[in-house]
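**Q** Following this line is data-v7.pdb, made up of PDB, C-alpha atoms and all ligand atoms:
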```pdb
ATOM      1  CA  MET A 172       3.540  53.001  65.492
ATOM      2  CA  VAL A 173       0.906  50.614  64.184
ATOM      3  CA  ASN A 174       3.265  49.455  61.439
ATOM      4  CA  LYS A 175       5.981  48.797  64.030
ATOM      5  CA  ILE A 176       3.626  46.708  66.128
ATOM      6  CA  VAL A 177       2.506  44.763  63.008
ATOM      7  CA  ARG A 178       6.178  44.037  62.009
ATOM      8  CA  ILE A 179       6.970  42.818  65.566
ATOM      9  CA  LEU A 180       3.897  40.504  65.494
ATOM     10  CA  ILE A 181       4.907  39.115  62.065
ATOM     11  CA  VAL A 182       8.455  38.364  63.321
ATOM     12  CA  ILE A 183       7.062  36.634  66.447
ATOM     13  CA  PHE A 184       4.618  34.601  64.314
ATOM     14  CA  LEU A 185       7.350  33.488  61.884
ATOM     15  CA  VAL A 186       9.650  32.339  64.721
ATOM     16  CA  MET A 187       6.864  30.360  66.423
ATOM     17  CA  GLY A 188       5.750  28.963  63.077
ATOM     18  CA  ILE A 189       9.206  27.506  62.270
ATOM     19  CA  ASP A 190       9.465  25.920  65.734
ATOM     20  CA  GLY A 191       5.965  24.500  65.273
ATOM     21  CA  CYS A 192       6.916  22.835  61.980
ATOM     22  CA  LYS A 193      10.001  21.366  63.609
ATOM     23  CA  GLY A 194       7.845  19.990  66.403
ATOM     24  CA  LEU A 195       5.389  18.432  63.948
ATOM     25  CA  GLU A 196       8.193  16.967  61.863
ATOM     26  CA  THR A 197       9.757  15.296  64.941
ATOM     27  CA  SER A 198       6.397  14.004  66.044
ATOM     28  CA  SER A 199       5.713  12.546  62.600
ATOM     29  CA  GLN A 200       9.067  10.768  62.524
ATOM     30  CA  SER A 201       8.402   9.242  65.949
ATOM     31  CA  SER A 202       5.009   8.014  64.827
ATOM     32  CA  VAL A 203       6.444   6.408  61.692
ATOM     33  CA  GLU A 204       9.160   4.711  63.720
ATOM     34  CA  ALA A 205       6.594   3.426  66.198
ATOM     35  CA  LEU A 206       4.346   2.102  63.432
ATOM     36  CA  THR A 207       7.283   0.457  61.686
ATOM     37  CA  SER A 208       8.417  -1.152  64.892
ATOM     38  CA  THR A 209       4.928  -2.507  65.610
ATOM     39  CA  ALA A 210       4.551  -3.753  62.057
ATOM     40  CA  THR A 211       7.899  -5.535  62.282
ATOM     41  CA  ARG A 212       6.930  -7.229  65.529
ATOM     42  CA  GLN A 213       3.681  -8.321  63.926
ATOM     43  CA  GLY A 214       5.530  -9.645  60.889
ATOM     44  CA  LEU A 215       3.828  -7.118  58.573
ATOM     45  CA  ILE A 216       7.069  -5.710  57.254
ATOM     46  CA  ASN A 217       9.870  -7.963  56.083
ATOM     47  CA  GLN A 218      13.096  -6.310  57.232
ATOM     48  CA  THR A 219      15.393  -9.318  57.053
ATOM     49  CA  GLY A 220      14.608 -10.616  53.590
ATOM     50  CA  SER A 221      14.618 -14.348  52.966
ATOM     51  CA  ASP A 222      14.929 -15.266  56.650
ATOM     52  CA  GLN A 223      11.322 -14.233  57.095
ATOM     53  CA  GLU A 224      10.079 -16.177  54.101
ATOM     54  CA  PRO A 225       7.759 -19.121  54.820
ATOM     55  CA  LYS A 226       9.374 -22.529  54.231
ATOM     56  CA  PRO A 227       6.717 -24.766  52.705
ATOM     57  CA  ALA A 228       9.216 -27.525  51.898
ATOM     58  CA  ILE A 229      10.306 -27.944  55.520
ATOM     59  CA  ASP A 230       6.708 -27.648  56.728
ATOM     60  CA  SER A 231       5.569 -30.457  54.460
ATOM     61  CA  VAL A 232       8.506 -32.628  55.486
ATOM     62  CA  LEU A 233       7.709 -32.102  59.149
ATOM     63  CA  LYS A 234       4.035 -32.818  58.541
ATOM     64  CA  GLU A 235       4.841 -36.044  56.758
ATOM     65  CA  TYR A 236       7.378 -36.897  59.418
ATOM     66  CA  ARG A 237       4.984 -36.329  62.260
ATOM     67  CA  GLU A 238       2.097 -38.134  60.598
ATOM     68  CA  PRO A 239       2.884 -41.547  62.060
ATOM     69  CA  TRP A 240       2.738 -40.032  65.537
ATOM     70  CA  ASN A 241      -0.782 -38.836  64.933
ATOM     71  CA  LYS A 242      -1.834 -42.445  64.536
ATOM     72  CA  PHE A 243      -0.402 -43.511  67.879
ATOM     73  CA  SER A 244      -3.481 -42.695  69.913
ATOM     74  CA  ASN A 245      -2.626 -45.517  72.301
ATOM     75  CA  SER A 246       1.117 -45.077  72.319
ATOM     76  CA  GLN A 247       2.806 -44.708  75.668
ATOM     77  CA  ASN A 248       5.398 -42.622  73.819
ATOM     78  CA  LEU A 249       2.877 -40.065  72.611
ATOM     79  CA  SER A 250       4.208 -37.415  74.974
ATOM     80  CA  ASP A 251       7.722 -37.799  73.589
ATOM     81  CA  LEU A 252       8.422 -35.027  71.115
ATOM     82  CA  PRO A 253      10.458 -36.331  68.200
ATOM     83  CA  ASP A 254      13.741 -34.706  67.253
ATOM     84  CA  LEU A 255      14.194 -33.093  63.858
ATOM     85  CA  PRO A 256      14.394 -35.757  61.167
ATOM     86  CA  ASP A 257      17.602 -36.718  59.444
ATOM     87  CA  LEU A 258      16.192 -37.188  55.971
ATOM     88  CA  HIS A 259      19.100 -39.372  54.918
ATOM     89  CA  MET A 260      18.060 -41.942  57.504
ATOM     90  CA  ARG A 261      14.501 -42.178  56.268
ATOM     91  CA  GLN A 262      15.367 -44.612  53.529
ATOM     92  CA  PRO A 263      13.930 -48.117  53.056
ATOM     93  CA  ILE A 264      15.786 -50.741  55.092
ATOM     94  CA  PRO A 265      15.942 -54.493  54.341
ATOM     95  CA  ILE A 266      14.470 -56.744  57.023
ATOM     96  CA  LEU A 267      15.314 -60.422  56.518
ATOM     97  CA  TYR A 268      12.914 -62.992  57.881
ATOM     98  CA  TYR A 269      13.729 -66.576  58.699
ATOM     99  CA  HIS A 270      12.038 -69.284  60.694
ATOM    100  CA  SER A 271      14.221 -72.260  61.596
ATOM    101  CA  VAL A 272      17.950 -72.640  60.895
ATOM    102  CA  MET A 273      18.498 -76.366  60.423
ATOM    103  CA  LEU A 274      18.863 -78.925  57.654
ATOM    104  CA  GLU A 275      15.647 -80.617  56.577
ATOM    105  CA  ALA A 276      15.183 -81.660  52.983
ATOM    106  CA  GLU A 277      12.111 -80.379  51.173
ATOM    107  CA  ASN A 278      11.259 -77.862  53.899
ATOM    108  CA  GLU A 279      11.912 -74.374  52.599
ATOM    109  CA  VAL A 280      11.243 -72.601  55.919
ATOM    110  CA  ARG A 281      14.206 -74.388  57.504
ATOM    111  CA  MET A 282      17.366 -72.625  56.339
ATOM    112  CA  PRO A 283      20.353 -75.031  56.230
ATOM    113  CA  PRO A 284      23.008 -73.747  58.686
ATOM    114  CA  ASP A 285      25.763 -73.620  56.019
ATOM    115  CA  GLN A 286      23.562 -71.445  53.789
ATOM    116  CA  PHE A 287      22.658 -69.231  56.718
ATOM    117  CA  GLU A 288      26.326 -68.836  57.617
ATOM    118  CA  ALA A 289      27.210 -67.987  53.998
ATOM    119  CA  GLN A 290      24.519 -65.303  53.978
ATOM    120  CA  MET A 291      25.812 -63.762  57.196
ATOM    121  CA  ASN A 292      29.381 -63.853  55.862
ATOM    122  CA  PHE A 293      28.199 -62.053  52.737
ATOM    123  CA  LEU A 294      26.596 -59.322  54.851
ATOM    124  CA  ARG A 295      29.628 -58.950  57.112
ATOM    125  CA  ASP A 296      32.109 -58.909  54.199
ATOM    126  CA  ASN A 297      30.070 -56.275  52.384
ATOM    127  CA  GLY A 298      29.896 -53.891  55.320
ATOM    128  CA  TYR A 299      26.294 -54.429  56.392
ATOM    129  CA  GLN A 300      25.521 -53.707  60.033
ATOM    130  CA  SER A 301      22.554 -55.220  61.837
ATOM    131  CA  ILE A 302      20.222 -52.893  63.719
ATOM    132  CA  THR A 303      17.322 -53.646  66.042
ATOM    133  CA  LEU A 304      13.698 -52.933  65.215
ATOM    134  CA  ASN A 305      13.771 -50.318  67.939
ATOM    135  CA  GLN A 306      16.602 -48.551  66.093
ATOM    136  CA  LEU A 307      14.670 -48.822  62.837
ATOM    137  CA  TYR A 308      11.565 -47.370  64.475
ATOM    138  CA  ARG A 309      13.516 -44.452  65.941
ATOM    139  CA  ALA A 310      15.180 -43.769  62.598
ATOM    140  CA  PHE A 311      11.894 -43.888  60.675
ATOM    141  CA  TYR A 312       9.779 -41.805  63.049
ATOM    142  CA  GLN A 313      12.069 -39.943  65.445
ATOM    143  CA  GLY A 314      14.966 -38.914  63.228
ATOM    144  CA  ALA A 315      17.584 -41.072  64.944
ATOM    145  CA  SER A 316      20.822 -41.857  63.141
ATOM    146  CA  LEU A 317      21.782 -45.292  61.852
ATOM    147  CA  PRO A 318      25.062 -46.918  60.850
ATOM    148  CA  PRO A 319      25.849 -47.273  57.132
ATOM    149  CA  LYS A 320      24.228 -50.213  55.315
ATOM    150  CA  PRO A 321      21.755 -51.091  58.066
ATOM    151  CA  PHE A 322      19.635 -54.240  57.931
ATOM    152  CA  VAL A 323      17.486 -56.253  60.356
ATOM    153  CA  ILE A 324      17.404 -60.015  60.981
ATOM    154  CA  THR A 325      14.120 -61.496  62.225
ATOM    155  CA  PHE A 326      13.098 -65.050  63.119
ATOM    156  CA  ASP A 327       9.423 -66.002  63.275
ATOM    157  CA  ASP A 328       7.909 -68.465  65.801
ATOM    158  CA  GLY A 329      10.882 -68.930  68.185
ATOM    159  CA  TYR A 330      12.628 -72.157  67.163
ATOM    160  CA  LEU A 331      15.272 -73.629  69.461
ATOM    161  CA  ASP A 332      17.865 -73.508  66.666
ATOM    162  CA  ASN A 333      17.650 -69.706  66.668
ATOM    163  CA  TYR A 334      19.573 -69.996  69.935
ATOM    164  CA  THR A 335      21.699 -73.126  69.345
ATOM    165  CA  THR A 336      22.699 -72.465  65.720
ATOM    166  CA  ALA A 337      21.981 -68.885  64.614
ATOM    167  CA  PHE A 338      22.987 -67.077  67.791
ATOM    168  CA  PRO A 339      26.682 -68.216  67.749
ATOM    169  CA  ILE A 340      27.026 -67.309  64.054
ATOM    170  CA  LEU A 341      25.501 -63.871  64.554
ATOM    171  CA  ARG A 342      27.506 -63.174  67.698
ATOM    172  CA  ARG A 343      30.727 -63.952  65.842
ATOM    173  CA  ASP A 344      29.822 -61.366  63.180
ATOM    174  CA  GLY A 345      28.619 -58.783  65.701
ATOM    175  CA  PHE A 346      24.995 -59.073  64.559
ATOM    176  CA  THR A 347      21.835 -59.189  66.660
ATOM    177  CA  ALA A 348      18.329 -60.288  65.699
ATOM    178  CA  THR A 349      14.667 -60.158  66.650
ATOM    179  CA  VAL A 350      12.599 -63.231  67.511
ATOM    180  CA  PHE A 351       8.860 -62.949  66.912
ATOM    181  CA  MET A 352       7.904 -65.420  69.642
ATOM    182  CA  VAL A 353       4.654 -67.376  69.836
ATOM    183  CA  SER A 354       4.158 -67.131  73.596
ATOM    184  CA  SER A 355       2.433 -70.507  74.085
ATOM    185  CA  TYR A 356       5.378 -72.240  72.347
ATOM    186  CA  ILE A 357       7.909 -71.051  74.948
ATOM    187  CA  GLY A 358       9.619 -74.011  76.624
ATOM    188  CA  GLY A 359       8.060 -76.481  74.203
ATOM    189  CA  GLU A 360      10.022 -79.138  72.331
ATOM    190  CA  ASN A 361      12.254 -77.491  69.715
ATOM    191  CA  PHE A 362      11.267 -74.017  70.838
ATOM    192  CA  LEU A 363      13.067 -71.420  72.943
ATOM    193  CA  SER A 364      12.873 -71.490  76.724
ATOM    194  CA  TRP A 365      12.631 -68.542  79.112
ATOM    195  CA  PRO A 366      16.320 -68.757  80.133
ATOM    196  CA  GLN A 367      17.361 -68.809  76.473
ATOM    197  CA  LEU A 368      15.126 -65.830  75.702
ATOM    198  CA  LYS A 369      16.646 -63.940  78.619
ATOM    199  CA  GLU A 370      20.159 -64.726  77.418
ATOM    200  CA  LEU A 371      19.307 -63.475  73.936
ATOM    201  CA  VAL A 372      17.885 -60.256  75.393
ATOM    202  CA  ALA A 373      21.050 -59.818  77.460
ATOM    203  CA  ASN A 374      23.009 -60.028  74.196
ATOM    204  CA  GLY A 375      21.050 -57.302  72.471
ATOM    205  CA  TRP A 376      18.350 -59.386  70.806
ATOM    206  CA  GLU A 377      14.714 -58.317  70.788
ATOM    207  CA  ILE A 378      11.860 -60.678  71.653
ATOM    208  CA  GLU A 379       8.681 -59.367  70.084
ATOM    209  CA  GLY A 380       5.071 -60.456  69.555
ATOM    210  CA  HIS A 381       3.797 -63.232  67.300
ATOM    211  CA  THR A 382       0.517 -63.875  69.223
ATOM    212  CA  ASP A 383      -0.287 -66.559  71.783
ATOM    213  CA  THR A 384      -1.193 -69.558  69.568
ATOM    214  CA  HIS A 385      -0.327 -68.489  65.983
ATOM    215  CA  PRO A 386      -3.845 -68.380  64.492
ATOM    216  CA  TYR A 387      -5.018 -66.768  61.260
ATOM    217  CA  LEU A 388      -5.984 -63.514  62.956
ATOM    218  CA  SER A 389      -8.603 -62.526  60.375
ATOM    219  CA  LYS A 390     -10.444 -65.826  60.958
ATOM    220  CA  ILE A 391     -11.050 -65.567  64.724
ATOM    221  CA  ASP A 392     -13.668 -63.612  66.700
ATOM    222  CA  GLY A 393     -13.005 -60.229  68.270
ATOM    223  CA  ILE A 394     -12.491 -61.449  71.838
ATOM    224  CA  SER A 395     -10.027 -64.116  70.734
ATOM    225  CA  LEU A 396      -8.255 -61.578  68.539
ATOM    226  CA  LEU A 397      -7.651 -59.183  71.444
ATOM    227  CA  HIS A 398      -6.606 -62.062  73.683
ATOM    228  CA  GLU A 399      -4.050 -63.306  71.127
ATOM    229  CA  LEU A 400      -2.526 -59.854  70.804
ATOM    230  CA  LYS A 401      -2.708 -58.724  74.416
ATOM    231  CA  SER A 402      -1.916 -61.801  76.526
ATOM    232  CA  SER A 403       1.221 -62.682  74.563
ATOM    233  CA  LYS A 404       2.452 -59.087  74.736
ATOM    234  CA  GLU A 405       1.879 -58.823  78.471
ATOM    235  CA  LEU A 406       3.446 -62.209  79.237
ATOM    236  CA  LEU A 407       6.643 -61.400  77.332
ATOM    237  CA  GLU A 408       6.844 -57.956  78.921
ATOM    238  CA  HIS A 409       6.308 -59.355  82.409
ATOM    239  CA  ARG A 410       8.808 -62.211  82.132
ATOM    240  CA  LEU A 411      11.514 -60.391  80.165
ATOM    241  CA  GLY A 412      11.165 -56.951  81.748
ATOM    242  CA  LYS A 413      11.105 -55.147  78.393
ATOM    243  CA  THR A 414       8.331 -53.545  76.387
ATOM    244  CA  VAL A 415       6.980 -55.503  73.425
ATOM    245  CA  ASP A 416       6.296 -52.869  70.783
ATOM    246  CA  PHE A 417       6.329 -54.882  67.564
ATOM    247  CA  LEU A 418       4.307 -57.723  66.077
ATOM    248  CA  ALA A 419       4.629 -60.085  63.131
ATOM    249  CA  TYR A 420       1.324 -61.362  61.733
ATOM    250  CA  PRO A 421       1.157 -65.181  61.958
ATOM    251  CA  ASN A 422       1.005 -66.565  58.419
ATOM    252  CA  GLY A 423       1.135 -62.956  57.212
ATOM    253  CA  ASP A 424      -2.630 -62.843  57.718
ATOM    254  CA  PHE A 425      -4.460 -59.605  58.596
ATOM    255  CA  ASP A 426      -7.390 -57.431  57.552
ATOM    256  CA  SER A 427      -8.688 -53.993  58.576
ATOM    257  CA  THR A 428     -10.171 -55.350  61.833
ATOM    258  CA  VAL A 429      -6.873 -56.999  62.751
ATOM    259  CA  LEU A 430      -4.951 -53.824  61.912
ATOM    260  CA  GLN A 431      -7.138 -51.750  64.223
ATOM    261  CA  ALA A 432      -6.849 -54.312  67.038
ATOM    262  CA  VAL A 433      -3.058 -54.308  66.700
ATOM    263  CA  LYS A 434      -2.985 -50.508  67.020
ATOM    264  CA  ASP A 435      -5.445 -50.566  69.930
ATOM    265  CA  THR A 436      -3.298 -53.108  71.766
ATOM    266  CA  GLY A 437      -0.358 -50.704  71.654
ATOM    267  CA  TYR A 438       1.969 -52.205  69.061
ATOM    268  CA  LEU A 439       3.942 -49.406  67.393
ATOM    269  CA  MET A 440       4.756 -51.326  64.205
ATOM    270  CA  ALA A 441       3.663 -54.633  62.675
ATOM    271  CA  PHE A 442       5.371 -56.795  60.065
ATOM    272  CA  THR A 443       3.891 -58.684  57.148
ATOM    273  CA  THR A 444       5.221 -61.403  54.866
ATOM    274  CA  GLU A 445       4.817 -59.124  51.853
ATOM    275  CA  ARG A 446       7.870 -58.851  49.642
ATOM    276  CA  GLY A 447       9.982 -55.699  49.829
ATOM    277  CA  TRP A 448      12.076 -53.591  52.190
ATOM    278  CA  ALA A 449      10.710 -51.760  55.214
ATOM    279  CA  ASN A 450       9.612 -48.362  53.969
ATOM    280  CA  PRO A 451       9.237 -45.293  56.232
ATOM    281  CA  ASN A 452       6.548 -43.916  53.925
ATOM    282  CA  SER A 453       4.279 -46.953  54.131
ATOM    283  CA  ASP A 454       1.846 -47.827  56.914
ATOM    284  CA  ALA A 455       3.723 -48.577  60.169
ATOM    285  CA  TRP A 456       1.522 -51.662  60.716
ATOM    286  CA  GLN A 457       2.124 -53.111  57.252
ATOM    287  CA  ILE A 458       5.910 -53.218  57.079
ATOM    288  CA  GLN A 459       7.325 -55.495  54.367
ATOM    289  CA  ARG A 460      10.143 -58.003  54.820
ATOM    290  CA  ILE A 461      12.498 -60.142  52.727
ATOM    291  CA  TYR A 462      11.631 -63.832  52.824
ATOM    292  CA  CYS A 463      14.732 -66.036  53.208
ATOM    293  CA  TYR A 464      14.075 -69.660  52.294
ATOM    294  CA  ALA A 465      16.156 -72.805  51.918
ATOM    295  CA  ASN A 466      17.991 -73.124  48.617
ATOM    296  CA  MET A 467      17.237 -69.529  47.589
ATOM    297  CA  GLY A 468      20.901 -69.341  46.574
ATOM    298  CA  GLN A 469      23.446 -66.624  47.185
ATOM    299  CA  ASN A 470      22.559 -64.743  44.002
ATOM    300  CA  GLU A 471      18.909 -64.431  44.934
ATOM    301  CA  PHE A 472      19.842 -63.493  48.494
ATOM    302  CA  SER A 473      22.145 -60.683  47.365
ATOM    303  CA  ARG A 474      19.675 -59.601  44.661
ATOM    304  CA  ARG A 475      17.052 -58.962  47.330
ATOM    305  CA  LEU A 476      19.513 -56.704  49.133
ATOM    306  CA  GLN A 477      20.230 -54.573  46.051
ATOM    307  CA  ASN A 478      16.862 -52.960  45.497
ATOM    308  CA  TRP A 479      14.109 -51.991  47.952
ATOM    309  CA  ASN A 480      11.515 -53.003  45.357
ATOM    310  CA  TYR A 481      13.203 -56.248  44.225
TER     311      TYR A 481
HETATM  312 ZN    ZN B   1       4.883 -67.645  62.370
END
```
What is this file in structure tokens?
**A**
Amino acid sequence: MVNKIVRILIVIFLVMGIDGCKGLETSSQSSVEALTSTATRQGLINQTGSDQEPKPAIDSVLKEYREPWNKFSNSQNLSDLPDLPDLHMRQPIPILYYHSVMLEAENEVRMPPDQFEAQMNFLRDNGYQSITLNQLYRAFYQGASLPPKPFVITFDDGYLDNYTTAFPILRRDGFTATVFMVSSYIGGENFLSWPQLKELVANGWEIEGHTDTHPYLSKIDGISLLHELKSSKELLEHRLGKTVDFLAYPNGDFDSTVLQAVKDTGYLMAFTTERGWANPNSDAWQIQRIYCYANMGQNEFSRRLQNWNY
């Protein structure tokens, strides 16, 4: 009798024991699945291979790309988030700079009209397309696209012949330009007037800053420096109804104090008279340009368009 009871108890124990192991096994599997799921969510387990790999190359590109924005502490565009960069558009771009376009012997800053026209014909015939400084800025720092073979035409000071002589030539070729206008010269003899400036703007030109009186900015006191930068900017913006975001240094003169004042005044880029193409990797307030002078010759002109570091 006792043996029978013992056998029955053993059978019952074995049956319960097997079920118990099953229960434990199921529980263990659930726990593993839960842990795995949590680990995946936390990025501790790489289930999708290379998709989860960090991308240091892209990160460094984005960091470099966003760097100029970090400098724009006074920019009204600071809240604008840039689009992803098109790396092919972040190449150096030639910016030509002229002053006057008229014939005057022995004055190299006055480009004879026939030479100017030959230069524009060369650009047109070779497929170059003019862009504005705003387009250049957006390509350099916001990833905007540009046409093939882009270049920029700029005129310093605001001579009357920019309107009477250069404008018809450029319009014929479908080109636009930027005038860096000395604001106190507006309406003066041989300089552009407000109606002419407005007509240029209406035809896609940009009128940008070149100070109020064209001083050597590193040689004047701080109050005068801010006045030169600010009053000219505000006057042009008020009368032309467009923001003035860019500046050319009169006489190419600047130092660290001038640079800081230019940033503080809200200019997004500034242009020097240093030789070279505009480079997206250089300081946005020390952009280089190509000097175009009388009698430079077609070979020298085209040579400067072949190489960003000519
Ligand atoms: Zn000038």
**Q** Could you pull out the residues sitting within 12 Å of ligand ZN 1 (chain B), using only C-alpha atoms and all ligand atoms, and write them as a count of residues only?
**A** 37
**Q** Can you work out the spacing between CA of Ser402 (chain A) and CA of Thr303 (chain A) in Å, to one decimal?
**A** 23.4 Å
**Q** Find, counting only C-alpha atoms, the residue in A:Ser355, A:Gln262, A:Asn333, A:Ser389 that gets nearest to Asn452 (chain A).
**A**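 Using only C-alpha atoms, Asn452 (chain A) sits closest to A:Gln262.
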**Q** Hey, can you check how far CA of Asp416 (chain A) sits from CA of Leu400 (chain A)?
**A** 11.3 Å
**Q** Given the choices A:Gln300, A:Asn278, A:Gln290, A:Thr349, which gets closest to Ser473 (chain A) if the distance is worked out from all atoms listed in the file?
**A**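 Counting all atoms listed in the file, the residue closest to Ser473 (chain A) is A:Gln290.
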**Q** By how many Å are CA of Gly393 (chain A) and CA of Val429 (chain A) apart?
**A**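 Those two atoms sit 8.9 Å apart.
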**Q** I'd like to know which of A:Leu411, A:Ile266, A:Leu317, A:Ala449 is closest to Leu368 (chain A), using only C-alpha atoms.
**A**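 Smallest separation from Leu368 (chain A) among the options: A:Leu411.
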**Q** Let me know the residues the PyMOL selection byres (((chain A and resi 437-440) around 7) and not hetatm) catches in the file above, as a ChimeraX atom specification.
**A** /A:245-246,416-418,433-436,441-442,455-456
**Q** Name the residues that the PyMOL selection byres (((chain A and resi 369) around 12) and not hetatm) picks from the file above, as a PDB file with C-alpha atoms, in the coordinates of the input, using the file's chain letters and numbers.
**A**
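The result, written out as result_33.pdb:
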```pdb
ATOM      1  CA  TYR A 334      19.573 -69.996  69.935  1.00  0.00           C
ATOM      2  CA  VAL A 350      12.599 -63.231  67.511  1.00  0.00           C
ATOM      3  CA  ILE A 357       7.909 -71.051  74.948  1.00  0.00           C
ATOM      4  CA  LEU A 363      13.067 -71.420  72.943  1.00  0.00           C
ATOM      5  CA  SER A 364      12.873 -71.490  76.724  1.00  0.00           C
ATOM      6  CA  TRP A 365      12.631 -68.542  79.112  1.00  0.00           C
ATOM      7  CA  PRO A 366      16.320 -68.757  80.133  1.00  0.00           C
ATOM      8  CA  GLN A 367      17.361 -68.809  76.473  1.00  0.00           C
ATOM      9  CA  LEU A 368      15.126 -65.830  75.702  1.00  0.00           C
ATOM     10  CA  GLU A 370      20.159 -64.726  77.418  1.00  0.00           C
ATOM     11  CA  LEU A 371      19.307 -63.475  73.936  1.00  0.00           C
ATOM     12  CA  VAL A 372      17.885 -60.256  75.393  1.00  0.00           C
ATOM     13  CA  ALA A 373      21.050 -59.818  77.460  1.00  0.00           C
ATOM     14  CA  ASN A 374      23.009 -60.028  74.196  1.00  0.00           C
ATOM     15  CA  GLY A 375      21.050 -57.302  72.471  1.00  0.00           C
ATOM     16  CA  TRP A 376      18.350 -59.386  70.806  1.00  0.00           C
ATOM     17  CA  GLU A 377      14.714 -58.317  70.788  1.00  0.00           C
ATOM     18  CA  ILE A 378      11.860 -60.678  71.653  1.00  0.00           C
ATOM     19  CA  LEU A 407       6.643 -61.400  77.332  1.00  0.00           C
ATOM     20  CA  GLU A 408       6.844 -57.956  78.921  1.00  0.00           C
ATOM     21  CA  HIS A 409       6.308 -59.355  82.409  1.00  0.00           C
ATOM     22  CA  ARG A 410       8.808 -62.211  82.132  1.00  0.00           C
ATOM     23  CA  LEU A 411      11.514 -60.391  80.165  1.00  0.00           C
ATOM     24  CA  GLY A 412      11.165 -56.951  81.748  1.00  0.00           C
ATOM     25  CA  LYS A 413      11.105 -55.147  78.393  1.00  0.00           C
TER      26      LYS A 413
END
```
**Q** Expanded to explicit residues, what is the PyMOL selection byres (((chain A and resi 318-323) around 12) and not hetatm) for this file, as a ChimeraX atom specification?
**A** /A:259-269,291,294-308,310,315-317,324-326,341,346-350,376-377,448-449,459-461,475-477,479
**Q** With 6 Å added on each side, what axis-aligned box encloses every listed atom of region 445-457 of chain A? Give the centre and edge lengths in Å to one decimal, as JSON.
**A**
```
{"center_x": 6.8, "center_y": -51.5, "center_z": 55.2, "size_x": 22.6, "size_y": 27.2, "size_z": 23.1}
```
